[in-house]
Amino acid sequence: MALIATWSTFTTGIAGAQEAVAPAAEETKVVITGTRLVNRGFLAPTPVTVLDAQELKVTGTQNLETLLTDTPQFTANQLSSPTANTMQAGQPSGTATLNLRNLGPTRNLVLVNGRRFAITGPDFTSDINAIPAALVQRIETVTGGSSAVYGSDAISGVVNFILRDNFEGVEINAQHTRDQPTGTPTNSVDLTVGGNFANNRGNAVLSLNYMNREGMTRAELGGYALPSMGDGCVTPASWSATRPGTPLPVPAGQTCLSAGGRPGLIYSGSSTVPTGRIGNLPVIGSAASNPALDAALRAAGLQGMGTLGAIFDASGRAVRPYVAPDDAFDIGPLSYVVTPQKRWMGNAFAHYDFSERATGYLEMHYSSNVAQVQIGPTSASGNFLVNTNNPYLGGPMQEVLRQLDLRESGTLRATNGSQTLSTVAGDGLALVNLNRRLSDLGTRFAETDHSVVRVAIGLKGELPGVSENYLSDMKYDVYYTNARTTESQYQAGSISLSRFQNALLSQNGAAPVLNPFGQNLSPTARDAILISSNSDIVAEQQVVAGNVTGKLVELPSGPVDFSAGFERRHSYSKYTPDAFLASGDVSGWNAARPTEGEATVKEFFGEARVPLLKDRAFAKSLSVSGAFRRSDYDVESVGKVWTNSIGTEWAPVDSLTFRVQKQKSIRAPNVGELFGGQGRNGPTAIDPCSSRAPAGQQTAAVRALCEATGVPGGLVFDASVQPTQFLTQILGGNPDLTAETSHTTTIGAVFAPTAVRGLQVSLDYYKITLDNAISTLGGGGIQSVLDLCYLTIQNVDSVYCRAINRDPVTGQIAAPTYVMTTAANIGGIKTRGVDLAAHYGFNTARGLFGAGTRWNLDTNWTYVDELTFTPIQDIPDVTNECVGTWGGTCGQPVSKWKGTARVTMNSGKLMLSARARYSGSVTTDAYLVPQRRGVTPPAYESLTNPRIGSYTYLDLTAGYDVSKSVNVTAGIRNATDRDPPVLGSTQLPSNNSVSASYDALGRTFFATLNVRL
């Protein structure tokens, strides 16, 4: 594994048995990522980490995201990974994006052969599923901002995939992967054909790929994934860190501990159940009821009913009080843990030397990724109007509805989808909080077809110099790229909320079409409410760019290298939902309004490196370098912006080099952030007004604020305020957004002692400060808005409290606006840490098959000292310090230490390799974030599984050269079969764990056959 500080010095970490590590030649002229200047045998000021093709081979990489997520500089993406199983409103699905330095997928730039790759949709991210793993020669990652060199988006860095584009022969690569728990396979086949033509003046390569990843559900996986679990209070004897215990009721005024219990995992299904639940029934004797309604409730058998209301039996005629959690419905078993994916891909490369000074090149790409999502059956949950004489109900429940109708005050409204109906007292209609899981409609299923077409055509070569010492060694590269991404999304298993409402009501005296009580959906009712929905995404990007590099002047200490160029980039994206999604008249999949927009930027840039000293005492080399870029956007709120960098490299002796660089980078807002139509999604979050809030946060001040924002006084901190762990937020764009700005500092050293041949070590400090961060309101989505309203600012008139809409009857966060979290330039991010990489390669005389042995030891570590989000820069004291945490505010786990270490032996025809992957312990952000902010956190002992311990995974690989043209490789990922951490309410977002960051499938096997002719 080449875990490399700079490519010019560190070579491949897994090599052939006879390979020796050679120092870079003095005049090696290779452009490396992070600069457009040629490499002249000393290090660039920007740290670059490199992974080579051999690392892809020994890790069994079929999708590149897995390999990069294992690398310590990257963090997992829950919403774009094989375990995502979700469709985000207005965004592509089934894609794989990168999260460098935990700054998010929109803040790194993806290149292929040094040029921008295709964008996926309104967020302008790139889908690395569309990059062929079999063609990857190496992956170079600049782990710090690079906007001055590469333009917008390079806030956290640049990931450059260098592909093999000069190949001769035929190569077939077939791989089979299978997990141990379910035996679900992933198969891939690659065919690459290439050769020279025109007397070796040209070369053409064609590569085809097919991959089929089958998915599995939580029911098929079993084990830790079932049943769905949440946090609760259990009897001490039943407590388990991984399984649900026996719930222990906690009397009013006591805590779990004082009541003799222990915070632990409990079964946590949805209170929206297949037989139906009415949730807004007043408790007998409460202020919300009256004597007539109390009598009706008793006659219906609902004495002893709690705030979660009443549940029906399968016939719909019998009703009883709802009992939590026994009556809850688990939607988990039918949901995918890993989503199915089929990929077809073709890549063609060609270049031809027209002359000694002109080489034309062509890159063509086509890929089609078909991905599927499956989750449990949809539901109708909310306030609906029901006839008081509904014929599907027994007499006692009809009387309950009649009394509900008579106690109505004023005009009440029920908004469902695109329709709003009203009711007044005595009109024969009751406003009922109906919660019906429509399991008789089957599961929700979605399929996306994501296609990418990309063409790059260019001309490069040499230019005549002015003289030997001035403007010499001139090279040019001019190119045009055109990439178009299309995605069609089909979603089935949803219902129309307005049709559901209409089917509940009698028409012209006839019985309603729909009987929602019990399990009694007729074919006619099914047809009346069941819908499918469709949407399309188009994203286009065209780039015209050119640059010239060379020596500006020759100085006594060496040449002054320079690079200058221009770039014009036009990006366009459009999201088109159907009428159901656009209007929000759908329950089952997230709705969004149409989005369309474009942006054009014209840029010119320059870069130079000036050698100051050479071959002096304590200055084997000393140079300074700098770069600038001027960008002119046609987006009025962005306009003209400048980015720059300056750095220095100093080698006091041959074996030691120091490097320092400061950079200013920007990210212009994308189409989704500027023009995104409002849509909704439902992440995991905790409503501070519900019983899910930690006991320490259930204070008098929070209670008063909950009542002021619409929760009925008797329901504050009640389970009925948040029946499930998912809450809905409304997302959307803002055309007045300005560009984000970041400042990056890196300070490092590379040590390659001549006394220990084959050893290279790099150590780099990084610090990134981002201002005017574009994010959802509150900087962290719905959880941040809720926390800022109820726990931090605590002012009902604040923008955060006003963003929350509640149902006045149930207190639940409700339609139509739920929690508004539209885009804004509101926050800041700071992160700093240290990267450590080392490689040691050496030979021993003894080995197998009569040959010596080559040993390679590689390690790569990141220590994160700070990761702080400031949700509102105008309130700098309110910060979310996220190092060492995970959860609804901070997202995926960010441990202080994350690293890998690999040892590889090559002896003759045999290769053996072992890799360890480590991530440090983390604690829930529900505890650490308020504590670090100076706010009293919930008592640690009152939390369920508040800490995830450190994790070490072991991966083993063996390879054998059957012949010169045939190689077999096999390996085991997670050889010790370690389960991921088991969590309750802090899971992200489901599967009882954080399945994007920890191995979700346990022990996994792979085998690869490579044939080269």
# chains A, B, ... in the order shown; residues from 1 in each chain; ligands from 1
>>> select_by_dssp(residues="segment 158-280 of chain A", states="strand (DSSP E or B)", output="MDAnalysis selection string")
chainID A and resid 158:163 169:179 185:197 202:213 216:217 229:234 247 262:267 270 273 277:278
>>> residues_around(residues="Ala824 of chain A", least_positions_apart="3", cutoff="7 Å", atoms="only C-alpha atoms", output="JSON, numbers by chain")
{"A": [734, 737, 774, 775, 776, 777]}
>>> residues_around(residues="segment 665-679 of chain A", least_positions_apart="2", cutoff="7 Å", atoms="only C-alpha atoms", output="mmCIF file with all heavy atoms, in the first residue's frame")
data_model
loop_
_atom_site.group_PDB
_atom_site.id
_atom_site.type_symbol
_atom_site.label_atom_id
_atom_site.label_comp_id
_atom_site.auth_asym_id
_atom_site.auth_seq_id
_atom_site.Cartn_x
_atom_site.Cartn_y
_atom_site.Cartn_z
ATOM 1 N N ALA A 89 -34.492 13.707 -1.314
ATOM 2 C CA ALA A 89 -35.320 14.512 -2.211
ATOM 3 C C ALA A 89 -34.461 15.410 -3.088
ATOM 4 O O ALA A 89 -33.635 16.181 -2.599
ATOM 5 C CB ALA A 89 -36.287 15.367 -1.388
ATOM 6 N N PRO A 122 -27.639 18.342 -8.843
ATOM 7 C CA PRO A 122 -27.622 19.720 -8.351
ATOM 8 C C PRO A 122 -26.538 20.031 -7.331
ATOM 9 O O PRO A 122 -26.170 21.185 -7.158
ATOM 10 C CB PRO A 122 -29.023 19.879 -7.731
ATOM 11 C CG PRO A 122 -29.876 18.881 -8.448
ATOM 12 C CD PRO A 122 -28.974 17.719 -8.702
ATOM 13 N N ASP A 123 -25.986 19.014 -6.660
ATOM 14 C CA ASP A 123 -24.956 19.300 -5.654
ATOM 15 C C ASP A 123 -23.549 19.299 -6.239
ATOM 16 O O ASP A 123 -22.575 19.554 -5.518
ATOM 17 C CB ASP A 123 -25.047 18.321 -4.487
ATOM 18 C CG ASP A 123 -24.762 16.881 -4.892
ATOM 19 O OD1 ASP A 123 -24.544 16.618 -6.092
ATOM 20 O OD2 ASP A 123 -24.763 16.009 -3.997
ATOM 21 N N PHE A 124 -23.415 19.006 -7.529
ATOM 22 C CA PHE A 124 -22.130 19.076 -8.249
ATOM 23 C C PHE A 124 -21.092 18.089 -7.734
ATOM 24 O O PHE A 124 -19.904 18.232 -8.045
ATOM 25 C CB PHE A 124 -21.540 20.494 -8.214
ATOM 26 C CG PHE A 124 -22.248 21.490 -9.100
ATOM 27 C CD1 PHE A 124 -23.417 21.172 -9.765
ATOM 28 C CD2 PHE A 124 -21.765 22.773 -9.248
ATOM 29 C CE1 PHE A 124 -24.079 22.088 -10.565
ATOM 30 C CE2 PHE A 124 -22.405 23.711 -10.043
ATOM 31 C CZ PHE A 124 -23.564 23.369 -10.698
ATOM 32 N N GLY A 145 -6.556 22.338 0.981
ATOM 33 C CA GLY A 145 -7.171 23.112 -0.083
ATOM 34 C C GLY A 145 -6.257 23.327 -1.276
ATOM 35 O O GLY A 145 -5.049 23.464 -1.141
ATOM 36 N N SER A 146 -6.844 23.379 -2.479
ATOM 37 C CA SER A 146 -6.068 23.564 -3.712
ATOM 38 C C SER A 146 -6.847 24.361 -4.742
ATOM 39 O O SER A 146 -6.740 24.106 -5.943
ATOM 40 C CB SER A 146 -5.669 22.210 -4.299
ATOM 41 O OG SER A 146 -4.717 21.558 -3.505
ATOM 42 N N SER A 147 -7.641 25.321 -4.312
ATOM 43 C CA SER A 147 -8.439 26.090 -5.266
ATOM 44 C C SER A 147 -7.569 26.918 -6.202
ATOM 45 O O SER A 147 -7.936 27.139 -7.360
ATOM 46 C CB SER A 147 -9.418 27.004 -4.526
ATOM 47 O OG SER A 147 -10.479 26.264 -3.978
ATOM 48 N N ALA A 148 -6.432 27.415 -5.729
ATOM 49 C CA ALA A 148 -5.585 28.232 -6.592
ATOM 50 C C ALA A 148 -5.062 27.423 -7.765
ATOM 51 O O ALA A 148 -4.856 27.952 -8.859
ATOM 52 C CB ALA A 148 -4.427 28.816 -5.791
ATOM 53 N N SER A 152 -12.639 25.994 -7.860
ATOM 54 C CA SER A 152 -13.655 25.854 -6.826
ATOM 55 C C SER A 152 -13.829 24.401 -6.406
ATOM 56 O O SER A 152 -13.569 23.475 -7.169
ATOM 57 C CB SER A 152 -14.982 26.412 -7.338
ATOM 58 O OG SER A 152 -15.991 26.295 -6.357
ATOM 59 N N ASP A 153 -14.293 24.207 -5.183
ATOM 60 C CA ASP A 153 -14.646 22.933 -4.557
ATOM 61 C C ASP A 153 -13.484 22.290 -3.815
ATOM 62 O O ASP A 153 -13.696 21.384 -3.019
ATOM 63 C CB ASP A 153 -15.222 21.908 -5.543
ATOM 64 C CG ASP A 153 -16.418 22.424 -6.295
ATOM 65 O OD1 ASP A 153 -17.145 23.249 -5.727
ATOM 66 O OD2 ASP A 153 -16.614 22.029 -7.457
ATOM 67 N N ALA A 154 -12.234 22.731 -4.064
ATOM 68 C CA ALA A 154 -11.086 22.065 -3.453
ATOM 69 C C ALA A 154 -10.805 22.615 -2.058
ATOM 70 O O ALA A 154 -9.691 23.002 -1.744
ATOM 71 C CB ALA A 154 -9.870 22.204 -4.344
ATOM 72 N N ILE A 155 -11.825 22.649 -1.210
ATOM 73 C CA ILE A 155 -11.671 23.164 0.149
ATOM 74 C C ILE A 155 -10.866 22.186 0.998
ATOM 75 O O ILE A 155 -9.868 22.539 1.625
ATOM 76 C CB ILE A 155 -13.046 23.425 0.784
ATOM 77 C CG1 ILE A 155 -13.774 24.560 0.059
ATOM 78 C CG2 ILE A 155 -12.906 23.700 2.273
ATOM 79 C CD1 ILE A 155 -13.309 25.938 0.404
ATOM 80 N N SER A 573 -27.793 21.886 -14.076
ATOM 81 C CA SER A 573 -28.473 20.730 -13.516
ATOM 82 C C SER A 573 -29.968 21.006 -13.413
ATOM 83 O O SER A 573 -30.395 22.156 -13.219
ATOM 84 C CB SER A 573 -27.914 20.367 -12.135
ATOM 85 O OG SER A 573 -28.489 19.153 -11.678
ATOM 86 N N ALA A 591 -40.498 14.004 -0.784
ATOM 87 C CA ALA A 591 -40.971 14.865 -1.860
ATOM 88 C C ALA A 591 -40.040 16.048 -2.041
ATOM 89 O O ALA A 591 -39.314 16.444 -1.132
ATOM 90 C CB ALA A 591 -42.390 15.347 -1.560
ATOM 91 N N ALA A 592 -40.065 16.631 -3.242
ATOM 92 C CA ALA A 592 -39.278 17.833 -3.517
ATOM 93 C C ALA A 592 -39.858 18.545 -4.721
ATOM 94 O O ALA A 592 -40.428 17.920 -5.619
ATOM 95 C CB ALA A 592 -37.819 17.483 -3.785
ATOM 96 N N ARG A 593 -39.695 19.852 -4.725
ATOM 97 C CA ARG A 593 -40.134 20.639 -5.864
ATOM 98 C C ARG A 593 -39.043 20.668 -6.926
ATOM 99 O O ARG A 593 -37.882 20.361 -6.651
ATOM 100 C CB ARG A 593 -40.479 22.048 -5.410
ATOM 101 C CG ARG A 593 -41.692 22.090 -4.496
ATOM 102 C CD ARG A 593 -41.985 23.491 -3.998
ATOM 103 N NE ARG A 593 -43.133 23.510 -3.104
ATOM 104 C CZ ARG A 593 -43.519 24.558 -2.402
ATOM 105 N NH1 ARG A 593 -42.828 25.690 -2.495
ATOM 106 N NH2 ARG A 593 -44.572 24.492 -1.607
ATOM 107 N N PRO A 594 -39.375 21.056 -8.154
ATOM 108 C CA PRO A 594 -38.376 21.061 -9.229
ATOM 109 C C PRO A 594 -37.214 22.002 -8.925
ATOM 110 O O PRO A 594 -37.359 23.006 -8.224
ATOM 111 C CB PRO A 594 -39.175 21.543 -10.445
ATOM 112 C CG PRO A 594 -40.603 21.278 -10.117
ATOM 113 C CD PRO A 594 -40.719 21.424 -8.640
ATOM 114 N N THR A 595 -36.071 21.654 -9.460
ATOM 115 C CA THR A 595 -34.855 22.464 -9.347
ATOM 116 C C THR A 595 -34.238 22.598 -10.723
ATOM 117 O O THR A 595 -34.142 21.610 -11.459
ATOM 118 C CB THR A 595 -33.847 21.803 -8.399
ATOM 119 O OG1 THR A 595 -34.378 21.781 -7.076
ATOM 120 C CG2 THR A 595 -32.521 22.559 -8.386
ATOM 121 N N GLU A 596 -33.804 23.790 -11.064
ATOM 122 C CA GLU A 596 -33.090 23.989 -12.328
ATOM 123 C C GLU A 596 -32.214 25.224 -12.192
ATOM 124 O O GLU A 596 -32.624 26.239 -11.628
ATOM 125 C CB GLU A 596 -34.060 24.164 -13.494
ATOM 126 C CG GLU A 596 -33.358 24.301 -14.839
ATOM 127 C CD GLU A 596 -34.325 24.316 -16.015
ATOM 128 O OE1 GLU A 596 -35.545 24.451 -15.769
ATOM 129 O OE2 GLU A 596 -33.866 24.189 -17.158
ATOM 130 N N GLY A 597 -31.003 25.129 -12.684
ATOM 131 C CA GLY A 597 -30.107 26.275 -12.635
ATOM 132 C C GLY A 597 -28.801 25.976 -13.326
ATOM 133 O O GLY A 597 -28.486 24.834 -13.671
ATOM 134 N N GLU A 598 -28.023 27.028 -13.543
ATOM 135 C CA GLU A 598 -26.734 26.890 -14.194
ATOM 136 C C GLU A 598 -25.787 27.953 -13.682
ATOM 137 O O GLU A 598 -26.208 28.961 -13.093
ATOM 138 C CB GLU A 598 -26.883 26.997 -15.714
ATOM 139 C CG GLU A 598 -27.470 28.312 -16.182
ATOM 140 C CD GLU A 598 -27.738 28.303 -17.676
ATOM 141 O OE1 GLU A 598 -27.108 27.505 -18.389
ATOM 142 O OE2 GLU A 598 -28.588 29.088 -18.124
ATOM 143 N N VAL A 638 -21.898 35.794 -6.072
ATOM 144 C CA VAL A 638 -20.519 35.319 -5.952
ATOM 145 C C VAL A 638 -19.560 36.282 -6.631
ATOM 146 O O VAL A 638 -18.600 36.772 -6.046
ATOM 147 C CB VAL A 638 -20.365 33.896 -6.532
ATOM 148 C CG1 VAL A 638 -18.910 33.437 -6.434
ATOM 149 C CG2 VAL A 638 -21.279 32.922 -5.807
ATOM 150 N N THR A 643 -8.152 33.327 -5.332
ATOM 151 C CA THR A 643 -7.576 32.331 -4.432
ATOM 152 C C THR A 643 -6.070 32.327 -4.643
ATOM 153 O O THR A 643 -5.572 32.713 -5.701
ATOM 154 C CB THR A 643 -8.143 30.926 -4.688
ATOM 155 O OG1 THR A 643 -7.961 30.587 -6.076
ATOM 156 C CG2 THR A 643 -9.623 30.876 -4.364
ATOM 157 N N GLN A 663 -2.737 28.460 2.087
ATOM 158 C CA GLN A 663 -3.604 28.550 0.922
ATOM 159 C C GLN A 663 -4.925 29.220 1.287
ATOM 160 O O GLN A 663 -5.427 29.055 2.398
ATOM 161 C CB GLN A 663 -3.907 27.156 0.360
ATOM 162 C CG GLN A 663 -2.700 26.354 -0.030
ATOM 163 C CD GLN A 663 -3.098 25.035 -0.665
ATOM 164 O OE1 GLN A 663 -3.781 25.009 -1.684
ATOM 165 N NE2 GLN A 663 -2.670 23.942 -0.068
ATOM 166 N N ILE A 730 -37.627 20.294 6.034
ATOM 167 C CA ILE A 730 -37.810 20.853 4.700
ATOM 168 C C ILE A 730 -36.496 21.502 4.271
ATOM 169 O O ILE A 730 -35.967 22.366 4.972
ATOM 170 C CB ILE A 730 -38.951 21.887 4.666
ATOM 171 C CG1 ILE A 730 -40.264 21.241 5.133
ATOM 172 C CG2 ILE A 730 -39.096 22.471 3.272
ATOM 173 C CD1 ILE A 730 -40.784 20.155 4.238
ATOM 174 N N LEU A 731 -35.988 21.069 3.126
ATOM 175 C CA LEU A 731 -34.741 21.576 2.587
ATOM 176 C C LEU A 731 -35.022 22.405 1.349
ATOM 177 O O LEU A 731 -36.044 22.236 0.686
ATOM 178 C CB LEU A 731 -33.809 20.416 2.231
ATOM 179 C CG LEU A 731 -33.520 19.424 3.360
ATOM 180 C CD1 LEU A 731 -32.994 18.120 2.792
ATOM 181 C CD2 LEU A 731 -32.514 20.007 4.321
ATOM 182 N N GLY A 732 -34.097 23.271 0.979
ATOM 183 C CA GLY A 732 -34.285 24.063 -0.232
ATOM 184 C C GLY A 732 -33.149 25.035 -0.449
ATOM 185 O O GLY A 732 -32.264 25.204 0.403
ATOM 186 N N GLY A 733 -33.170 25.706 -1.608
ATOM 187 C CA GLY A 733 -32.090 26.588 -2.009
ATOM 188 C C GLY A 733 -32.293 28.034 -1.604
ATOM 189 O O GLY A 733 -33.352 28.435 -1.117
ATOM 190 N N ASN A 734 -31.229 28.827 -1.854
ATOM 191 C CA ASN A 734 -31.221 30.251 -1.525
ATOM 192 C C ASN A 734 -30.367 30.960 -2.573
ATOM 193 O O ASN A 734 -29.141 30.809 -2.574
ATOM 194 C CB ASN A 734 -30.652 30.453 -0.119
ATOM 195 C CG ASN A 734 -30.543 31.908 0.281
ATOM 196 O OD1 ASN A 734 -30.854 32.814 -0.500
ATOM 197 N ND2 ASN A 734 -30.079 32.152 1.489
ATOM 198 N N PRO A 735 -30.961 31.735 -3.481
ATOM 199 C CA PRO A 735 -30.196 32.354 -4.578
ATOM 200 C C PRO A 735 -29.240 33.453 -4.132
ATOM 201 O O PRO A 735 -28.451 33.939 -4.950
ATOM 202 C CB PRO A 735 -31.288 32.910 -5.486
ATOM 203 C CG PRO A 735 -32.469 33.123 -4.592
ATOM 204 C CD PRO A 735 -32.404 32.024 -3.580
ATOM 205 N N LEU A 737 -26.863 33.132 -1.822
ATOM 206 C CA LEU A 737 -25.688 32.570 -1.177
ATOM 207 C C LEU A 737 -24.402 33.129 -1.787
ATOM 208 O O LEU A 737 -24.310 33.347 -2.996
ATOM 209 C CB LEU A 737 -25.673 31.046 -1.319
ATOM 210 C CG LEU A 737 -26.785 30.269 -0.611
ATOM 211 C CD1 LEU A 737 -26.713 28.804 -0.999
ATOM 212 C CD2 LEU A 737 -26.669 30.430 0.896
ATOM 213 N N THR A 738 -23.404 33.346 -0.941
ATOM 214 C CA THR A 738 -22.080 33.733 -1.410
ATOM 215 C C THR A 738 -21.137 32.536 -1.301
ATOM 216 O O THR A 738 -21.499 31.485 -0.768
ATOM 217 C CB THR A 738 -21.518 34.905 -0.587
ATOM 218 O OG1 THR A 738 -21.412 34.492 0.785
ATOM 219 C CG2 THR A 738 -22.447 36.112 -0.666
ATOM 220 N N ALA A 739 -19.920 32.695 -1.809
ATOM 221 C CA ALA A 739 -18.960 31.599 -1.800
ATOM 222 C C ALA A 739 -18.420 31.345 -0.406
ATOM 223 O O ALA A 739 -18.258 32.257 0.405
ATOM 224 C CB ALA A 739 -17.811 31.904 -2.759
ATOM 225 N N GLU A 740 -18.148 30.095 -0.113
ATOM 226 C CA GLU A 740 -17.407 29.737 1.084
ATOM 227 C C GLU A 740 -15.930 30.089 0.890
ATOM 228 O O GLU A 740 -15.408 30.030 -0.225
ATOM 229 C CB GLU A 740 -17.521 28.232 1.362
ATOM 230 C CG GLU A 740 -18.926 27.734 1.606
ATOM 231 C CD GLU A 740 -18.957 26.239 1.845
ATOM 232 O OE1 GLU A 740 -18.018 25.541 1.422
ATOM 233 O OE2 GLU A 740 -19.929 25.770 2.448
ATOM 234 N N THR A 741 -15.265 30.414 1.964
ATOM 235 C CA THR A 741 -13.838 30.741 1.913
ATOM 236 C C THR A 741 -13.105 29.959 2.990
ATOM 237 O O THR A 741 -13.557 29.887 4.130
ATOM 238 C CB THR A 741 -13.602 32.247 2.135
ATOM 239 O OG1 THR A 741 -14.328 32.990 1.162
ATOM 240 C CG2 THR A 741 -12.124 32.579 2.011
ATOM 241 N N SER A 742 -11.974 29.380 2.618
ATOM 242 C CA SER A 742 -11.190 28.638 3.593
ATOM 243 C C SER A 742 -9.734 29.071 3.538
ATOM 244 O O SER A 742 -9.235 29.536 2.504
ATOM 245 C CB SER A 742 -11.279 27.130 3.352
ATOM 246 O OG SER A 742 -10.508 26.756 2.232
ATOM 247 N N HIS A 743 -9.057 28.901 4.660
ATOM 248 C CA HIS A 743 -7.625 29.144 4.761
ATOM 249 C C HIS A 743 -6.984 27.877 5.333
ATOM 250 O O HIS A 743 -7.411 27.381 6.385
ATOM 251 C CB HIS A 743 -7.320 30.348 5.637
ATOM 252 C CG HIS A 743 -7.798 31.648 5.065
ATOM 253 N ND1 HIS A 743 -9.097 32.104 5.215
ATOM 254 C CD2 HIS A 743 -7.161 32.578 4.295
ATOM 255 C CE1 HIS A 743 -9.232 33.263 4.591
ATOM 256 N NE2 HIS A 743 -8.079 33.574 4.028
ATOM 257 N N ALA A 823 -31.041 26.424 2.894
ATOM 258 C CA ALA A 823 -29.618 26.751 2.839
ATOM 259 C C ALA A 823 -29.344 28.191 3.250
ATOM 260 O O ALA A 823 -30.152 29.091 3.020
ATOM 261 C CB ALA A 823 -29.092 26.504 1.427
#
>>> atom_distance(atom1="atom CA of Thr186 of chain A", atom2="atom CA of Gln88 of chain A")
25.1 Å
>>> residues_around(residues="Pro930 of chain A", least_positions_apart="4", cutoff="10 Å", atoms="only C-alpha atoms", output="NGL selection string")
:A and (787 or 791-792 or 878-881 or 925-926 or 934-938)
>>> atom_distance(atom1="atom CA of Ile782 of chain A", atom2="atom CA of Tyr800 of chain A")
9.8 Å
>>> residues_around(residues="Val982 of chain A", least_positions_apart="6", cutoff="10 Å", atoms="only C-alpha atoms", output="number ranges by chain")
A: 224-225, 229, 241-243, 265, 945, 948, 991-995
>>> write_last_selection(atoms="C-alpha atoms", output="PDB file, in the first residue's frame")
ATOM      1  CA  TYR A 224     -27.170  -7.471  15.653  1.00  0.00           C
ATOM      2  CA  ALA A 225     -29.454  -6.003  12.959  1.00  0.00           C
ATOM      3  CA  MET A 229     -33.748  -1.141  19.083  1.00  0.00           C
ATOM      4  CA  ALA A 241     -25.081  -4.203  25.569  1.00  0.00           C
ATOM      5  CA  THR A 242     -26.290  -5.785  22.333  1.00  0.00           C
ATOM      6  CA  ARG A 243     -29.820  -7.151  22.880  1.00  0.00           C
ATOM      7  CA  LEU A 265     -31.638  -1.200  24.814  1.00  0.00           C
ATOM      8  CA  ASN A 945     -24.427   2.739  25.126  1.00  0.00           C
ATOM      9  CA  ILE A 948     -18.220   3.112  21.017  1.00  0.00           C
ATOM     10  CA  ASN A 991     -29.650  -1.118  11.302  1.00  0.00           C
ATOM     11  CA  ASN A 992     -28.929  -0.694  15.064  1.00  0.00           C
ATOM     12  CA  SER A 993     -25.473   0.639  14.237  1.00  0.00           C
ATOM     13  CA  VAL A 994     -23.414   3.086  12.180  1.00  0.00           C
ATOM     14  CA  SER A 995     -23.075   0.793   9.211  1.00  0.00           C
TER      15      SER A 995
END
>>> closest_residue(among="A:Ser451, A:Asn469, A:Ser439, A:Thr923", to="Gln519 of chain A", atoms="only C-alpha atoms")
A:Ser439
>>> select_by_dssp(residues="segment 439-670 of chain A", states="helix (DSSP H, G or I)", output="ChimeraX atom specification")
/A:439-441,497-504,523-529,579-583
>>> closest_atom_pairs(of="segment 890-953 of chain A", to="segment 827-840 of chain A", cutoff="12 Å", atoms="only C-alpha atoms", output="JSON lines")
{"residue": "A:Cys890", "atom": "CA", "partner": "A:Ile829", "partner_atom": "CA", "distance": 11.8}
{"residue": "A:Val894", "atom": "CA", "partner": "A:Thr831", "partner_atom": "CA", "distance": 11.3}
{"residue": "A:Ser895", "atom": "CA", "partner": "A:Gly833", "partner_atom": "CA", "distance": 11.6}
{"residue": "A:Lys896", "atom": "CA", "partner": "A:Gly833", "partner_atom": "CA", "distance": 8.8}
{"residue": "A:Trp897", "atom": "CA", "partner": "A:Val834", "partner_atom": "CA", "distance": 9.7}
{"residue": "A:Lys898", "atom": "CA", "partner": "A:Asp835", "partner_atom": "CA", "distance": 9.9}
{"residue": "A:Gly899", "atom": "CA", "partner": "A:Leu836", "partner_atom": "CA", "distance": 9.1}
{"residue": "A:Thr900", "atom": "CA", "partner": "A:Ala837", "partner_atom": "CA", "distance": 9.6}
{"residue": "A:Ala901", "atom": "CA", "partner": "A:Ala838", "partner_atom": "CA", "distance": 9.4}
{"residue": "A:Arg902", "atom": "CA", "partner": "A:His839", "partner_atom": "CA", "distance": 9.6}
{"residue": "A:Val903", "atom": "CA", "partner": "A:Tyr840", "partner_atom": "CA", "distance": 9.6}
{"residue": "A:Thr904", "atom": "CA", "partner": "A:Tyr840", "partner_atom": "CA", "distance": 10.6}
>>> write_last_selection(atoms="C-alpha atoms", output="PDB file, in the first residue's frame")
ATOM      1  CA  CYS A 890     -21.829  15.615  14.430  1.00  0.00           C
ATOM      2  CA  VAL A 894     -14.721  11.143  14.100  1.00  0.00           C
ATOM      3  CA  SER A 895     -12.166   9.425  16.289  1.00  0.00           C
ATOM      4  CA  LYS A 896      -8.991  11.174  17.350  1.00  0.00           C
ATOM      5  CA  TRP A 897      -6.894   8.384  15.849  1.00  0.00           C
ATOM      6  CA  LYS A 898      -7.568   6.481  12.662  1.00  0.00           C
ATOM      7  CA  GLY A 899      -5.015   4.481  10.762  1.00  0.00           C
ATOM      8  CA  THR A 900      -3.937   1.471   8.779  1.00  0.00           C
ATOM      9  CA  ALA A 901      -0.843  -0.700   8.824  1.00  0.00           C
ATOM     10  CA  ARG A 902       0.141  -3.342   6.299  1.00  0.00           C
ATOM     11  CA  VAL A 903       2.923  -5.903   6.072  1.00  0.00           C
ATOM     12  CA  THR A 904       3.513  -7.674   2.763  1.00  0.00           C
TER      13      THR A 904
END
